[in-house]
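What follows is a set of notes on a single structure, which appears directly below.
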Amino acid sequence: MRYSRAFIPTLKEVPKDATMPSHVLMLRAGYARMVGAGIYELLPLGTRVLHKIEQIIREEMDAAGAQELLMPTFVPGEYFKETGRWDLYGPTLLRVKDRKGGEYHLAPTHEEIITDLARREVKSYRQLPLNLYQIQLKYRDEPRPRAGLLRCREFIMKDAYSFDVSEEAALRSYEQMRDTYHRIFKRLGLEYRVVEADSGAIGGKQSAEFQILAQTGEDWIVACNACDYAANAEVAQAGPAAPPASGTAELQPLEKVKTPDTRSIDEVVSFFGDETTAAHTLKSLLYLAAEGLCLAVVRGDHEVNELGLARHLGVEEVLLASDAAVKEATGTEIGFVGPVGFAGRIIADPDAVAVPNAIAGASDTPYHYKNVNHGRDFEAEVVSIRQAASGDPCPNCDGKLELYRGIEGGHIFVLGTHYSDKMHATFLDEAGSSQSIVMGCYGIGVSRLIAAIMEQHHDEHGIRWPVNVAPYEVIITPIGKEAAPLTQATEIYDALRAEGVDALLDDRAERPGVKFKDADLLGIPLRVTVGSRGLKQGTVELKKRTESESQDVPIDGAVAAVLTAINDREG
RNA sequence: CGGGGCGUAGCGCAGCUUGGUAGCGCGCACGGUUCGGGACCGUGAGGUCGGAGGUUCGAAUCCUCUCGCCCCGACCA
């Protein structure tokens, strides 16, 4: 492509409505424009990236034996009504009426439609296993679309559905998709973690999310820096924390200290001063659960994982007790509550009970106890109820946990017979008896990946595409107003195209600075600079977007050098 | 849905408090000088001030309603 003819509307300034890097960059670099909230048009550059991502997905899905098809996005409501999702989906489902008043919707996902196809066409175990996928638009009227392509109301998804004769066979399909997803995400140049998720509400046996690590992501995940452990922050565990530095391991006698105006851990720490840190204190929080009140105790520098606490208690959720309830139950004010002498149920985190001679509220305003020790001064059920945090030890190895934001790039799920039972999608087995087809579903947010890759691959100058997904692999930049650089650049451009390289020739009559800035902004992985200066010595410059230095290469070696650089990065 | 912010030229913004001929920078067009990291000078095109209603001699500015967008939260197969 010749840049002078390309539709690449770049912006010098950051559009006011964009805050996230990928959102800013896709607008500034001319990849996409907004039409409405959560509704975008992909411009030529964005479309090229989309096609590259799709191509990688297709290659890997096809290699796994999946077959591409295309289902409608505009579908009759009867299928969702059949499974109950017409009502369950709520306002997120975009409903449409046709001229006769018939109820339709724009598909947010296709389990029902594909299950209907399967029940009509799959009759025999001989037709299984089967894995069908499509790449097309999905519609979800999200309550809050945000961050450009990261959360849209109309977006492009790859959704695959597997059909098997048994749970075991379905699990094999699931594992195969997991392997396939690993290959896809690696080829896309993404740093990601597979996060085991709880088996969800929908009769699922197993599910995993492919979380792309990005500080701008919506999900919180905890991941080890040494091993593969990764989990949603909600369910993440941490290994035992190192106990706080302590003058003596000897148990000191319990001591009640008057501590006015020390409601927060910070205030307590600064009151006691000296060597005291938050890790020397205990944080005691009173929670309301269905069965009544209980006191949760974690180390002062830790936070309570309320979901974990609720699970231990066997209840749906727990709520922090109000000031009044705290006063009534303990006779003291918030900030002075402690486990010593507490009459009710106490649940303490292992890291909390490991603190020797801890400082804790005395349940008497305004006093704290010094030298509180579990087992001597109070008894508690010891259960891990703290949130895993950045820097915590990994529960599985010697590594450290890091807290990340994640972008959910993919999700794989064993569905079981949830849909096939409801929709009577059955087959005849070898013995001639009717069985429900066992299903799995596998999604990738394709348009979201465009943004996710930008989130991971950019710097202050612009995007830095991995070569596999770059809209153009190389940009050839002639410099100067003489004819020679453009002539030479065009020669290299033609040669590269003949080699099948996606090349962009910056033939614009712009000053060098403008061309360099744009090349960096667009994020083209390689730049070949052809200037009269180099031509005199018979060289051109080759520069990688990710490196600050360029290298001189002989003119007739330029094409080979570009091919080498591209293939290096593909490896 | 709750909280906050913003709608004025393609983009970024000023003007609004105190009503009186709609401005600046970038971009765009033309001419000239420049030419290895977003050059400079000159000329010019481009706006129903998100929309509707009201107050007023007169509304971008004041009042009412409304639409849209962004951020935080709630929600999210």
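Every chain in the structure tokens has a letter given in the order shown (A, B, ...), and although residue numbers restart at 1 in each chain, ligands are simply numbered from 1 in the order shown.
All residues of stretch 74-144 of chain A that DSSP, run on the backbone, classes as strand (DSSP E or B) are Phe74, Val75, Pro76, Leu94, Arg95, Val96, Lys97, Glu103, Tyr104, His105, Leu106, Ser124, Leu130, Asn131, Leu132, Tyr133, Gln134, Ile135, Gln136, Leu137, Lys138 and Tyr139 of chain A.
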Take the residues just selected and output them with C-alpha atoms as a PDB file, in the first residue's frame.
ATOM      1  CA  PHE A  74     -30.840 -11.998  13.765  1.00  0.00           C
ATOM      2  CA  VAL A  75     -32.729 -14.920  15.233  1.00  0.00           C
ATOM      3  CA  PRO A  76     -36.278 -15.861  16.220  1.00  0.00           C
ATOM      4  CA  LEU A  94     -31.381  -6.790  22.249  1.00  0.00           C
ATOM      5  CA  ARG A  95     -34.936  -7.634  21.261  1.00  0.00           C
ATOM      6  CA  VAL A  96     -36.367  -6.839  17.856  1.00  0.00           C
ATOM      7  CA  LYS A  97     -39.842  -7.134  16.380  1.00  0.00           C
ATOM      8  CA  GLU A 103     -40.284 -11.516  18.492  1.00  0.00           C
ATOM      9  CA  TYR A 104     -36.649 -11.802  17.520  1.00  0.00           C
ATOM     10  CA  HIS A 105     -33.340 -10.839  19.044  1.00  0.00           C
ATOM     11  CA  LEU A 106     -29.805 -10.084  18.022  1.00  0.00           C
ATOM     12  CA  SER A 124     -25.930 -41.054  15.416  1.00  0.00           C
ATOM     13  CA  LEU A 130     -18.116 -32.616  16.222  1.00  0.00           C
ATOM     14  CA  ASN A 131     -16.703 -29.159  16.775  1.00  0.00           C
ATOM     15  CA  LEU A 132     -18.267 -26.202  14.961  1.00  0.00           C
ATOM     16  CA  TYR A 133     -17.209 -22.604  15.186  1.00  0.00           C
ATOM     17  CA  GLN A 134     -17.924 -19.230  13.722  1.00  0.00           C
ATOM     18  CA  ILE A 135     -16.442 -15.749  13.790  1.00  0.00           C
ATOM     19  CA  GLN A 136     -19.107 -13.097  13.696  1.00  0.00           C
ATOM     20  CA  LEU A 137     -20.818 -10.214  15.432  1.00  0.00           C
ATOM     21  CA  LYS A 138     -22.425 -10.579  18.814  1.00  0.00           C
ATOM     22  CA  TYR A 139     -24.823  -8.172  20.464  1.00  0.00           C
TER      23      TYR A 139
END
(request) Show which residues sit within 12 Å of B:A29, as a PyMOL selection string. Count only C-alpha atoms (C1' of nucleotides), and ignore same-chain residues fewer than 6 positions away. (result) chain B and resi 43-46
(message) Within 9 Å of chain B, which residues belong to chain A? Use only C-alpha atoms (C1' of nucleotides) and report them as a VMD selection string.
(response) chain A and resid 11 to 19 36 to 37 89 92 108 to 109 142 to 144 146 202 479 to 481 510 to 518 531
Restrict the selected residues to N, CA, C and O atoms and save them as a compact mmCIF listing (two decimals), in the first residue's frame.
# COMPACT_ATOMS: atom_id res chain seq x y z
N LEU A 11 -4.60 11.30 14.47
CA LEU A 11 -4.89 12.48 15.28
C LEU A 11 -3.65 12.85 16.08
O LEU A 11 -2.99 11.98 16.63
N LYS A 12 -3.38 14.13 16.14
CA LYS A 12 -2.23 14.58 16.94
C LYS A 12 -2.57 14.62 18.41
O LYS A 12 -1.74 14.38 19.26
N GLU A 13 -3.81 14.96 18.70
CA GLU A 13 -4.19 15.13 20.09
C GLU A 13 -5.03 13.97 20.58
O GLU A 13 -5.71 13.30 19.81
N VAL A 14 -5.01 13.78 21.87
CA VAL A 14 -5.76 12.68 22.47
C VAL A 14 -7.23 13.06 22.53
O VAL A 14 -7.59 14.08 23.12
N PRO A 15 -8.09 12.26 21.92
CA PRO A 15 -9.52 12.56 21.99
C PRO A 15 -9.97 12.58 23.45
O PRO A 15 -9.55 11.76 24.25
N LYS A 16 -10.84 13.53 23.73
CA LYS A 16 -11.23 13.78 25.12
C LYS A 16 -11.88 12.58 25.80
O LYS A 16 -11.70 12.38 27.00
N ASP A 17 -12.61 11.78 25.07
CA ASP A 17 -13.35 10.68 25.68
C ASP A 17 -12.54 9.42 25.90
O ASP A 17 -13.04 8.46 26.45
N ALA A 18 -11.31 9.40 25.45
CA ALA A 18 -10.51 8.18 25.58
C ALA A 18 -9.53 8.32 26.73
O ALA A 18 -8.84 9.32 26.85
N THR A 19 -9.46 7.30 27.57
CA THR A 19 -8.51 7.32 28.68
C THR A 19 -7.54 6.14 28.61
O THR A 19 -6.38 6.30 28.93
N GLY A 36 -21.34 4.98 18.20
CA GLY A 36 -22.18 5.18 19.37
C GLY A 36 -21.50 4.50 20.54
O GLY A 36 -20.45 3.88 20.35
N ALA A 37 -22.07 4.63 21.73
CA ALA A 37 -21.45 4.01 22.89
C ALA A 37 -21.34 2.51 22.68
O ALA A 37 -22.34 1.82 22.47
N TYR A 89 -32.06 -13.50 30.36
CA TYR A 89 -31.04 -12.59 29.87
C TYR A 89 -31.33 -11.13 30.20
O TYR A 89 -30.43 -10.31 30.26
N THR A 92 -30.08 -7.10 28.74
CA THR A 92 -28.86 -7.23 27.94
C THR A 92 -29.16 -7.81 26.56
O THR A 92 -28.40 -7.63 25.62
N PRO A 108 -26.64 -12.72 21.39
CA PRO A 108 -25.52 -12.42 22.27
C PRO A 108 -24.57 -13.61 22.36
O PRO A 108 -23.43 -13.47 22.82
N THR A 109 -25.02 -14.78 21.95
CA THR A 109 -24.29 -16.03 22.02
C THR A 109 -25.18 -17.06 21.32
O THR A 109 -26.34 -16.78 21.05
N GLU A 142 -24.87 -4.06 26.91
CA GLU A 142 -24.18 -3.94 28.19
C GLU A 142 -24.67 -2.72 28.95
O GLU A 142 -24.88 -1.67 28.36
N PRO A 143 -24.77 -2.86 30.27
CA PRO A 143 -25.17 -1.69 31.05
C PRO A 143 -24.15 -0.57 30.91
O PRO A 143 -24.49 0.59 30.96
N ARG A 144 -22.90 -0.96 30.75
CA ARG A 144 -21.89 0.08 30.64
C ARG A 144 -20.76 -0.31 29.71
O ARG A 144 -19.75 -0.85 30.13
N ARG A 146 -17.44 0.28 27.66
CA ARG A 146 -16.35 1.16 28.06
C ARG A 146 -15.06 0.83 27.33
O ARG A 146 -14.92 -0.23 26.72
N ILE A 202 -24.30 -22.72 35.35
CA ILE A 202 -25.02 -23.43 34.29
C ILE A 202 -24.54 -24.85 34.13
O ILE A 202 -23.99 -25.22 33.11
N ILE A 479 13.40 9.27 2.47
CA ILE A 479 13.64 10.56 3.11
C ILE A 479 14.26 11.51 2.09
O ILE A 479 15.16 11.13 1.35
N GLY A 480 13.78 12.73 2.11
CA GLY A 480 14.39 13.74 1.24
C GLY A 480 13.57 13.96 -0.01
O GLY A 480 12.76 13.14 -0.40
N LYS A 481 13.84 15.12 -0.64
CA LYS A 481 12.98 15.50 -1.75
C LYS A 481 13.55 15.10 -3.11
O LYS A 481 12.91 15.21 -4.14
N GLU A 510 6.11 14.37 2.88
CA GLU A 510 6.18 14.91 4.24
C GLU A 510 7.64 14.98 4.68
O GLU A 510 8.50 14.27 4.15
N ARG A 511 7.84 15.79 5.69
CA ARG A 511 9.18 15.87 6.27
C ARG A 511 9.49 14.58 7.04
O ARG A 511 8.58 13.87 7.46
N PRO A 512 10.78 14.30 7.21
CA PRO A 512 11.15 13.04 7.86
C PRO A 512 10.50 12.85 9.24
O PRO A 512 10.03 11.77 9.56
N GLY A 513 10.50 13.92 10.03
CA GLY A 513 9.96 13.80 11.38
C GLY A 513 8.53 13.32 11.37
O GLY A 513 8.13 12.48 12.19
N VAL A 514 7.74 13.84 10.45
CA VAL A 514 6.34 13.45 10.36
C VAL A 514 6.23 11.96 10.03
O VAL A 514 5.44 11.23 10.63
N LYS A 515 7.04 11.51 9.09
CA LYS A 515 6.99 10.11 8.69
C LYS A 515 7.40 9.18 9.84
O LYS A 515 6.79 8.14 10.06
N PHE A 516 8.47 9.58 10.55
CA PHE A 516 8.93 8.74 11.66
C PHE A 516 7.87 8.68 12.76
O PHE A 516 7.58 7.63 13.31
N LYS A 517 7.30 9.83 13.07
CA LYS A 517 6.29 9.87 14.14
C LYS A 517 5.10 9.00 13.78
O LYS A 517 4.57 8.27 14.61
N ASP A 518 4.67 9.09 12.52
CA ASP A 518 3.52 8.30 12.11
C ASP A 518 3.84 6.81 12.11
O ASP A 518 3.02 6.00 12.54
N GLY A 531 17.47 7.02 2.74
CA GLY A 531 17.83 8.42 2.66
C GLY A 531 19.01 8.63 1.73
O GLY A 531 19.80 7.70 1.50
(request) Excluding stretch 162-167 of chain A and residues on its chain fewer than 2 positions from it, collect all residues at most 7 Å away from it, counting only C-alpha atoms (C1' of nucleotides), and give them as a ChimeraX atom specification. (result) /A:125,128-132,160,169-171,173,416,437-441
(message) To test your reading of the structure, identify every residue in stretch 72-255 of chain A that backbone DSSP assigns to alpha helix (DSSP H), and report it as a count of residues only.
(response) 42
(message) So that I can check the surroundings of A:Pro356, please list as an MDAnalysis selection string every protein, DNA and RNA residue that reaches within 12 Å of it, counting only C-alpha atoms (C1' of nucleotides) and ignoring chain neighbours fewer than 2 positions away.
(response) chainID A and resid 243:254 279:282 299 351:354 358:360 370:377
(message) Residues near A:Gln237, anyone? I mean within 9 Å using only C-alpha atoms (C1' of nucleotides), not counting same-chain ones fewer than 4 positions away, as JSON, numbers by chain.
(response) {"A": [222, 231, 233, 384, 385, 386, 387, 388, 394, 395]}
Please produce a file of the residues just selected, as an mmCIF file, in the first residue's frame, where the atoms kept are N, CA and C atoms.
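Just written: again-v9.cif:
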data_model
loop_
_atom_site.group_PDB
_atom_site.id
_atom_site.type_symbol
_atom_site.label_atom_id
_atom_site.label_comp_id
_atom_site.auth_asym_id
_atom_site.auth_seq_id
_atom_site.Cartn_x
_atom_site.Cartn_y
_atom_site.Cartn_z
ATOM 1 N N VAL A 222 -4.763 -12.958 40.340
ATOM 2 C CA VAL A 222 -3.515 -13.112 41.067
ATOM 3 C C VAL A 222 -2.705 -14.143 40.306
ATOM 4 N N ALA A 231 -5.250 -17.203 39.502
ATOM 5 C CA ALA A 231 -6.643 -17.358 39.921
ATOM 6 C C ALA A 231 -7.314 -16.002 39.958
ATOM 7 N N ALA A 233 -8.980 -13.086 41.691
ATOM 8 C CA ALA A 233 -8.678 -12.587 43.032
ATOM 9 C C ALA A 233 -9.717 -13.052 44.044
ATOM 10 N N SER A 384 -8.067 -19.800 56.145
ATOM 11 C CA SER A 384 -7.568 -18.729 55.277
ATOM 12 C C SER A 384 -8.728 -17.878 54.791
ATOM 13 N N ILE A 385 -8.791 -16.661 55.254
ATOM 14 C CA ILE A 385 -9.890 -15.770 54.861
ATOM 15 C C ILE A 385 -9.363 -14.431 54.386
ATOM 16 N N ARG A 386 -8.080 -14.398 54.023
ATOM 17 C CA ARG A 386 -7.587 -13.097 53.599
ATOM 18 C C ARG A 386 -7.454 -13.038 52.081
ATOM 19 N N GLN A 387 -7.510 -11.832 51.590
ATOM 20 C CA GLN A 387 -7.295 -11.640 50.165
ATOM 21 C C GLN A 387 -5.830 -11.828 49.846
ATOM 22 N N ALA A 388 -5.585 -12.521 48.751
ATOM 23 C CA ALA A 388 -4.222 -12.578 48.270
ATOM 24 C C ALA A 388 -3.859 -11.196 47.744
ATOM 25 N N CYS A 394 3.424 -17.515 46.794
ATOM 26 C CA CYS A 394 2.560 -18.392 45.999
ATOM 27 C C CYS A 394 2.184 -19.605 46.841
ATOM 28 N N PRO A 395 0.955 -20.072 46.747
ATOM 29 C CA PRO A 395 0.569 -21.264 47.506
ATOM 30 C C PRO A 395 1.191 -22.544 46.952
#
(request) Check the smallest atom-to-atom distance from each of A:Pro366, A:Gly292, A:Gly445, A:Pro9 to A:Gly335 using only C-alpha atoms, then report the winner. (result) A:Pro366
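Of the listed residues A:Asp459, A:Glu218, A:Glu547, A:Asp520, the one whose atoms come nearest to A:Arg405 is A:Glu218, with distances taken using only C-alpha atoms.
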When you look at B:C41 with a cut-off of 12 Å (counting only C-alpha atoms (C1' of nucleotides)), what residues show up, excluding the ones that are within fewer than 6 positions of it in the same chain? I need them as an mmCIF file with C-alpha atoms (C1' of nucleotides), in the first residue's frame.
data_model
loop_
_atom_site.group_PDB
_atom_site.id
_atom_site.type_symbol
_atom_site.label_atom_id
_atom_site.label_comp_id
_atom_site.auth_asym_id
_atom_site.auth_seq_id
_atom_site.Cartn_x
_atom_site.Cartn_y
_atom_site.Cartn_z
ATOM 1 C "C1'" G B 31 1.239 30.532 -2.336
ATOM 2 C "C1'" G B 32 6.265 30.922 -0.637
ATOM 3 C "C1'" U B 33 10.635 29.503 2.328
ATOM 4 C "C1'" U B 34 12.280 24.841 4.497
#
(message) Residues near B:G19, anyone? I mean within 8 Å using only C-alpha atoms (C1' of nucleotides), not counting same-chain ones fewer than 2 positions away, as a VMD selection string.
(response) chain B and resid 58 to 59 61 to 62
Keeping N, CA, C and O atoms (P, O5', C5', C4', C3', O3' and C1' of nucleotides) for every residue in the selection just given, could you write it to a file as a compact mmCIF listing (two decimals), in the first residue's frame?
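part23.txt, written as the output of this step:
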# COMPACT_ATOMS: atom_id res chain seq x y z
P G B 58 -36.73 39.68 22.15
O5' G B 58 -35.16 39.58 21.96
C5' G B 58 -34.60 39.63 20.65
C4' G B 58 -33.09 39.71 20.71
C3' G B 58 -32.42 38.59 21.48
O3' G B 58 -32.24 37.44 20.69
C1' G B 58 -31.52 40.68 22.15
P A B 59 -32.30 35.96 21.41
O5' A B 59 -31.04 35.93 22.38
C5' A B 59 -29.71 36.06 21.90
C4' A B 59 -28.82 35.04 22.54
C3' A B 59 -29.19 33.59 22.23
O3' A B 59 -28.00 32.80 22.26
C1' A B 59 -29.41 33.94 24.53
P U B 61 -27.57 29.85 25.81
O5' U B 61 -26.55 30.48 26.85
C5' U B 61 -25.71 29.65 27.66
C4' U B 61 -24.82 30.50 28.52
C3' U B 61 -25.58 31.37 29.52
O3' U B 61 -24.87 31.40 30.75
C1' U B 61 -24.29 32.74 28.09
P C B 62 -25.34 30.40 31.90
O5' C B 62 -26.75 31.01 32.31
C5' C B 62 -26.85 32.03 33.28
C4' C B 62 -28.30 32.34 33.59
C3' C B 62 -29.22 31.12 33.63
O3' C B 62 -29.17 30.46 34.88
C1' C B 62 -30.21 32.82 32.31
(message) As an exercise, work out the distance from atom CA of A:Tyr404 to atom CA of A:Ala226 in Å and give it to one decimal place.
(response) 14.5 Å
